[in-house]
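A.B. asks: Please read through the structure below; I'll follow up with questions.
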Amino acid sequence: MIILFAITKKTMKEMLSITLFIFLFTGLASVCVAKDKFFCSSQILAKRTDIGFTWTVVSRLSEILNNAEKRYGKRDQSWTLLGVEFTDLKQPETWYPFDSDKRKHLIIQLTKKASKNEKEALFQLSHEVIHVLSPAGKEGSSVFEEGLATYFSIANMKTLNYDIDERYISEKKYQQAYKLIDNLYKNFPHTEDRIKTLRGQVKRIRDITPEQFSHAFSGLNKKYATLLAKKYSEWDVK
Ligand SMILES: [Zn+2]
């Protein structure tokens, strides 16, 4: 009995050691996996290179913002863009932290999916950059602003050499908003100069009136101009 007990004790000790080893090993392994998952996109972890660092969403932001300003004019510099973060929201958005303290700070929030998918991250970033040009705040953006953001996200991704077209836009409402802007580009020469002029007339893109649209795009159907100026959240797409 004593011998058996000793063997059992020894076996148990060994089993415990093995269990402990497996636990530690899998524990370490899962930490590594978690680490890999966290840095799953090369757009998040900046790695030192001979000339600086590899591209990340933050350094890409500079390039994308520059592209947007070239097309549509300078951003409203009374706002401070704090940076880019990832959330578990379904949609990307611009967030105004400490808005109640009247701080004019904003953060671009991208989705969890974007943290694992470089193309999606840059696509979302390109969209949100348009909202950064003249933050709409609580009042929300217009149909025109959402359409422009969606249009620019496709156009800018092409500039960044991504294989993409409007079929990449998943939501029907954004597809329709994209088409509204695409039609302007197709029917009016120097569309971007017209948009720049419009931006010079208002504080925020969302403030452009139907009359201003009709004037900048002469001959534009009145209903079309009214739709562009409509609040995006109040637009029902059939
Ligand atoms: Zn948007």
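Just remember, in the structure tokens the first chain shown is A, the second B, etc., residues are 1-based per chain, and ligands are 1-based in the order shown.
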Go through the chains and note each residue within 8 Å of ligand 1, using only C-alpha atoms and all ligand atoms, then give the set as a compact mmCIF listing (two decimals) with N, CA and C atoms, in the first residue's frame.
C.D. replies:
```
# COMPACT_ATOMS: atom_id res chain seq x y z
N PRO A 92 -17.44 52.62 -38.92
CA PRO A 92 -16.43 53.60 -38.47
C PRO A 92 -17.13 54.93 -38.21
N GLU A 93 -16.49 55.79 -37.46
CA GLU A 93 -17.10 57.11 -37.20
C GLU A 93 -16.06 58.10 -36.72
N HIS A 127 -12.78 57.45 -45.92
CA HIS A 127 -14.14 57.95 -45.73
C HIS A 127 -14.18 58.98 -44.58
N GLU A 128 -13.61 58.60 -43.46
CA GLU A 128 -13.70 59.46 -42.26
C GLU A 128 -12.92 60.76 -42.43
N ILE A 130 -12.91 62.71 -44.88
CA ILE A 130 -13.80 63.75 -45.45
C ILE A 130 -14.60 64.42 -44.32
N HIS A 131 -15.00 63.64 -43.32
CA HIS A 131 -15.73 64.23 -42.19
C HIS A 131 -14.81 65.11 -41.34
N SER A 141 -24.13 64.65 -40.61
CA SER A 141 -23.73 65.04 -41.96
C SER A 141 -24.91 65.04 -42.93
N GLU A 145 -22.38 65.14 -48.02
CA GLU A 145 -21.14 64.83 -47.30
C GLU A 145 -20.88 63.33 -47.25
N GLU A 146 -21.91 62.54 -46.99
CA GLU A 146 -21.72 61.08 -46.95
C GLU A 146 -21.38 60.53 -48.34
N ALA A 149 -17.79 61.45 -49.02
CA ALA A 149 -16.90 60.59 -48.22
C ALA A 149 -16.79 59.20 -48.87
N THR A 150 -17.93 58.69 -49.34
CA THR A 150 -17.93 57.36 -49.97
C THR A 150 -17.22 57.41 -51.32
```
A.B. asks: May I have all residues of region 55-191 of chain A that DSSP, computed from the backbone, assigns to helix (DSSP H, G or I), given as a compact mmCIF listing (two decimals) with N, CA and C atoms, in the first residue's frame?
C.D. replies:
```txt
# COMPACT_ATOMS: atom_id res chain seq x y z
N VAL A 57 -1.68 53.09 -40.03
CA VAL A 57 -2.88 53.88 -40.31
C VAL A 57 -2.65 55.36 -39.97
N VAL A 58 -1.81 55.60 -38.97
CA VAL A 58 -1.57 57.00 -38.56
C VAL A 58 -0.72 57.74 -39.59
N SER A 59 0.35 57.10 -40.06
CA SER A 59 1.15 57.78 -41.09
C SER A 59 0.39 57.85 -42.42
N ARG A 60 -0.43 56.85 -42.69
CA ARG A 60 -1.28 56.88 -43.89
C ARG A 60 -2.27 58.05 -43.81
N LEU A 61 -2.69 58.35 -42.59
CA LEU A 61 -3.65 59.44 -42.38
C LEU A 61 -3.12 60.75 -42.97
N SER A 62 -1.82 60.97 -42.81
CA SER A 62 -1.20 62.18 -43.36
C SER A 62 -1.38 62.23 -44.88
N GLU A 63 -1.09 61.09 -45.51
CA GLU A 63 -1.18 61.03 -46.97
C GLU A 63 -2.64 61.19 -47.45
N ILE A 64 -3.54 60.52 -46.75
CA ILE A 64 -4.95 60.55 -47.14
C ILE A 64 -5.54 61.95 -46.93
N LEU A 65 -5.19 62.57 -45.80
CA LEU A 65 -5.67 63.92 -45.52
C LEU A 65 -5.15 64.90 -46.58
N ASN A 66 -3.90 64.70 -46.94
CA ASN A 66 -3.29 65.54 -47.97
C ASN A 66 -4.03 65.38 -49.31
N ASN A 67 -4.35 64.13 -49.66
CA ASN A 67 -5.10 63.88 -50.90
C ASN A 67 -6.48 64.53 -50.87
N ALA A 68 -7.14 64.43 -49.72
CA ALA A 68 -8.50 65.00 -49.59
C ALA A 68 -8.45 66.53 -49.69
N GLU A 69 -7.44 67.14 -49.05
CA GLU A 69 -7.32 68.60 -49.09
C GLU A 69 -6.99 69.10 -50.49
N LYS A 70 -6.20 68.33 -51.21
CA LYS A 70 -5.88 68.71 -52.59
C LYS A 70 -7.14 68.74 -53.44
N ARG A 71 -8.00 67.77 -53.22
CA ARG A 71 -9.23 67.68 -54.03
C ARG A 71 -10.29 68.69 -53.60
N TYR A 72 -10.45 68.83 -52.27
CA TYR A 72 -11.64 69.57 -51.80
C TYR A 72 -11.34 70.78 -50.90
N ASP A 99 -16.79 66.65 -25.83
CA ASP A 99 -17.58 67.63 -26.56
C ASP A 99 -18.32 68.55 -25.59
N SER A 100 -18.78 67.95 -24.48
CA SER A 100 -19.53 68.72 -23.49
C SER A 100 -18.66 69.80 -22.83
N ASP A 101 -17.33 69.60 -22.85
CA ASP A 101 -16.41 70.61 -22.30
C ASP A 101 -16.01 71.64 -23.37
N LYS A 112 -13.30 46.91 -35.71
CA LYS A 112 -12.44 45.77 -35.37
C LYS A 112 -11.99 45.05 -36.66
N LYS A 113 -12.93 44.94 -37.60
CA LYS A 113 -12.63 44.28 -38.88
C LYS A 113 -11.46 44.98 -39.57
N ALA A 114 -11.46 46.33 -39.47
CA ALA A 114 -10.40 47.12 -40.10
C ALA A 114 -9.05 46.87 -39.45
N SER A 115 -9.05 46.47 -38.16
CA SER A 115 -7.77 46.22 -37.48
C SER A 115 -7.09 44.96 -38.01
N GLU A 118 -6.05 45.43 -43.86
CA GLU A 118 -5.41 46.67 -44.29
C GLU A 118 -6.26 47.46 -45.30
N LYS A 119 -6.80 46.76 -46.29
CA LYS A 119 -7.61 47.42 -47.32
C LYS A 119 -8.83 48.09 -46.69
N GLU A 120 -9.50 47.35 -45.80
CA GLU A 120 -10.68 47.88 -45.13
C GLU A 120 -10.31 49.08 -44.24
N ALA A 121 -9.17 48.99 -43.57
CA ALA A 121 -8.73 50.09 -42.69
C ALA A 121 -8.53 51.37 -43.49
N LEU A 122 -7.86 51.26 -44.62
CA LEU A 122 -7.57 52.46 -45.42
C LEU A 122 -8.83 52.97 -46.12
N PHE A 123 -9.73 52.06 -46.45
CA PHE A 123 -11.02 52.44 -47.04
C PHE A 123 -11.84 53.24 -46.02
N GLN A 124 -11.92 52.73 -44.81
CA GLN A 124 -12.67 53.43 -43.76
C GLN A 124 -12.00 54.77 -43.42
N LEU A 125 -10.68 54.75 -43.35
CA LEU A 125 -9.92 55.96 -43.02
C LEU A 125 -10.17 57.05 -44.06
N SER A 126 -10.18 56.66 -45.33
CA SER A 126 -10.41 57.61 -46.42
C SER A 126 -11.80 58.24 -46.29
N HIS A 127 -12.78 57.45 -45.92
CA HIS A 127 -14.14 57.95 -45.73
C HIS A 127 -14.18 58.98 -44.58
N GLU A 128 -13.61 58.60 -43.46
CA GLU A 128 -13.70 59.46 -42.26
C GLU A 128 -12.92 60.76 -42.43
N VAL A 129 -11.87 60.73 -43.25
CA VAL A 129 -11.08 61.94 -43.47
C VAL A 129 -11.94 63.07 -44.05
N ILE A 130 -12.91 62.71 -44.88
CA ILE A 130 -13.80 63.75 -45.45
C ILE A 130 -14.60 64.42 -44.32
N HIS A 131 -15.00 63.64 -43.32
CA HIS A 131 -15.73 64.23 -42.19
C HIS A 131 -14.81 65.11 -41.34
N VAL A 132 -13.52 64.81 -41.40
CA VAL A 132 -12.54 65.60 -40.63
C VAL A 132 -12.35 66.99 -41.27
N LEU A 133 -12.60 67.11 -42.57
CA LEU A 133 -12.40 68.41 -43.25
C LEU A 133 -13.23 69.51 -42.58
N GLY A 137 -20.31 67.50 -36.22
CA GLY A 137 -20.75 67.47 -34.82
C GLY A 137 -22.06 66.72 -34.67
N LYS A 138 -22.77 67.09 -33.58
CA LYS A 138 -24.01 66.38 -33.25
C LYS A 138 -25.09 66.51 -34.32
N GLU A 139 -25.03 67.59 -35.08
CA GLU A 139 -26.09 67.82 -36.08
C GLU A 139 -26.07 66.79 -37.22
N VAL A 143 -26.49 64.34 -46.98
CA VAL A 143 -26.39 63.30 -48.01
C VAL A 143 -25.16 63.57 -48.88
N PHE A 144 -24.95 64.84 -49.20
CA PHE A 144 -23.79 65.22 -50.01
C PHE A 144 -22.48 64.81 -49.31
N GLU A 145 -22.38 65.14 -48.02
CA GLU A 145 -21.14 64.83 -47.30
C GLU A 145 -20.88 63.33 -47.25
N GLU A 146 -21.91 62.54 -46.99
CA GLU A 146 -21.72 61.08 -46.95
C GLU A 146 -21.38 60.53 -48.34
N GLY A 147 -22.03 61.11 -49.35
CA GLY A 147 -21.75 60.69 -50.72
C GLY A 147 -20.31 61.02 -51.09
N LEU A 148 -19.88 62.22 -50.71
CA LEU A 148 -18.51 62.65 -51.01
C LEU A 148 -17.49 61.76 -50.28
N ALA A 149 -17.79 61.45 -49.02
CA ALA A 149 -16.90 60.59 -48.22
C ALA A 149 -16.79 59.20 -48.87
N THR A 150 -17.93 58.69 -49.34
CA THR A 150 -17.93 57.36 -49.97
C THR A 150 -17.22 57.41 -51.32
N TYR A 151 -17.50 58.46 -52.07
CA TYR A 151 -16.84 58.62 -53.37
C TYR A 151 -15.32 58.71 -53.19
N PHE A 152 -14.91 59.55 -52.24
CA PHE A 152 -13.48 59.75 -52.02
C PHE A 152 -12.81 58.46 -51.54
N SER A 153 -13.52 57.68 -50.73
CA SER A 153 -12.90 56.45 -50.21
C SER A 153 -12.56 55.50 -51.36
N ILE A 154 -13.41 55.44 -52.37
CA ILE A 154 -13.12 54.59 -53.53
C ILE A 154 -12.00 55.22 -54.38
N ALA A 155 -12.17 56.51 -54.69
CA ALA A 155 -11.20 57.20 -55.54
C ALA A 155 -9.81 57.21 -54.91
N ASN A 156 -9.76 57.45 -53.60
CA ASN A 156 -8.46 57.52 -52.93
C ASN A 156 -7.78 56.16 -52.85
N MET A 157 -8.57 55.11 -52.67
CA MET A 157 -7.99 53.76 -52.65
C MET A 157 -7.36 53.43 -54.00
N LYS A 158 -7.98 53.93 -55.07
CA LYS A 158 -7.39 53.73 -56.41
C LYS A 158 -6.07 54.49 -56.49
N THR A 159 -6.05 55.70 -55.92
CA THR A 159 -4.81 56.49 -55.88
C THR A 159 -3.71 55.74 -55.12
N GLU A 166 -16.81 50.59 -56.98
CA GLU A 166 -17.96 50.88 -56.11
C GLU A 166 -18.65 49.63 -55.56
N ARG A 167 -18.35 48.46 -56.16
CA ARG A 167 -18.96 47.22 -55.65
C ARG A 167 -18.45 46.90 -54.24
N TYR A 168 -17.36 47.55 -53.84
CA TYR A 168 -16.81 47.33 -52.50
C TYR A 168 -17.71 47.94 -51.41
N LYS A 172 -26.45 49.66 -48.95
CA LYS A 172 -27.23 50.21 -50.06
C LYS A 172 -27.31 51.75 -50.02
N LYS A 173 -27.49 52.28 -48.82
CA LYS A 173 -27.64 53.74 -48.69
C LYS A 173 -26.34 54.45 -49.11
N TYR A 174 -25.21 53.89 -48.72
CA TYR A 174 -23.94 54.49 -49.13
C TYR A 174 -23.70 54.32 -50.64
N GLN A 175 -24.21 53.22 -51.18
CA GLN A 175 -24.09 53.01 -52.64
C GLN A 175 -24.84 54.11 -53.38
N GLN A 176 -26.05 54.42 -52.87
CA GLN A 176 -26.87 55.47 -53.50
C GLN A 176 -26.20 56.84 -53.35
N ALA A 177 -25.66 57.08 -52.16
CA ALA A 177 -24.98 58.36 -51.91
C ALA A 177 -23.77 58.50 -52.84
N TYR A 178 -23.06 57.39 -53.03
CA TYR A 178 -21.90 57.37 -53.94
C TYR A 178 -22.34 57.78 -55.35
N LYS A 179 -23.47 57.19 -55.81
CA LYS A 179 -23.95 57.46 -57.16
C LYS A 179 -24.29 58.93 -57.36
N LEU A 180 -24.83 59.56 -56.32
CA LEU A 180 -25.19 60.99 -56.43
C LEU A 180 -23.95 61.83 -56.75
N ILE A 181 -22.83 61.50 -56.12
CA ILE A 181 -21.59 62.25 -56.34
C ILE A 181 -20.94 61.84 -57.67
N ASP A 182 -20.99 60.56 -57.96
CA ASP A 182 -20.44 60.06 -59.22
C ASP A 182 -21.12 60.75 -60.41
N ASN A 183 -22.45 60.95 -60.30
CA ASN A 183 -23.20 61.65 -61.36
C ASN A 183 -22.72 63.08 -61.52
N LEU A 184 -22.41 63.74 -60.40
CA LEU A 184 -21.90 65.13 -60.48
C LEU A 184 -20.59 65.14 -61.25
N TYR A 185 -19.70 64.19 -60.90
CA TYR A 185 -18.41 64.10 -61.59
C TYR A 185 -18.59 63.85 -63.08
N LYS A 186 -19.58 63.02 -63.41
CA LYS A 186 -19.78 62.65 -64.82
C LYS A 186 -20.43 63.77 -65.63
N ASN A 187 -21.21 64.62 -64.96
CA ASN A 187 -21.98 65.64 -65.69
C ASN A 187 -21.43 67.07 -65.60
N THR A 191 -15.45 69.36 -61.30
CA THR A 191 -16.32 69.13 -60.12
C THR A 191 -15.63 69.53 -58.82
```
A.B. asks: Find the residues around region 210-218 of chain A up to 9 Å (only C-alpha atoms counted), leave out those fewer than 6 positions away in its own chain, and share them as a list in words.
C.D. replies: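 Close residues of region 210-218 of chain A: Leu184, Phe188, Thr191, Arg194, Ile195, Thr197, Leu198, Gln201, Tyr224, Ala225, Thr226, Leu227, Leu228, Ala229 and Lys230 of chain A.
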A.B. asks: Suppose you want the space between CA of Ile107 (chain A) and CA of Trp55 (chain A); what is it in Å?
C.D. replies: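 Between CA of Ile107 (chain A) and CA of Trp55 (chain A) the gap is 19.2 Å.
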A.B. asks: Calculate how many Å separate CA of Gln109 (chain A) from CA of Lys90 (chain A), rounding to one decimal.
C.D. replies: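 Computed distance, CA of Gln109 (chain A) to CA of Lys90 (chain A), equals 10.6 Å.
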A.B. asks: Could you please write out, as an NGL selection string, every residue of region 43-220 of chain A that DSSP assigns to strand (DSSP E or B)?
C.D. replies: :A and (48 or 53 or 80-87 or 93-95 or 105-111 or 142)
A.B. asks: For the atom pair CA of Ile108 (chain A) and CA of Ile205 (chain A), what is the interatomic distance in Å to one decimal place?
C.D. replies: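 That distance, rounded to one decimal, is 17.7 Å.
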A.B. asks: In terms of the shortest atom-to-atom distance over only C-alpha atoms, which of A:Thr54, A:Ser170, A:Asn161, A:Ser142 is closest to Gln91 (chain A)?
C.D. replies: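 Checking each candidate against Gln91 (chain A), we get A:Ser170 as the closest.
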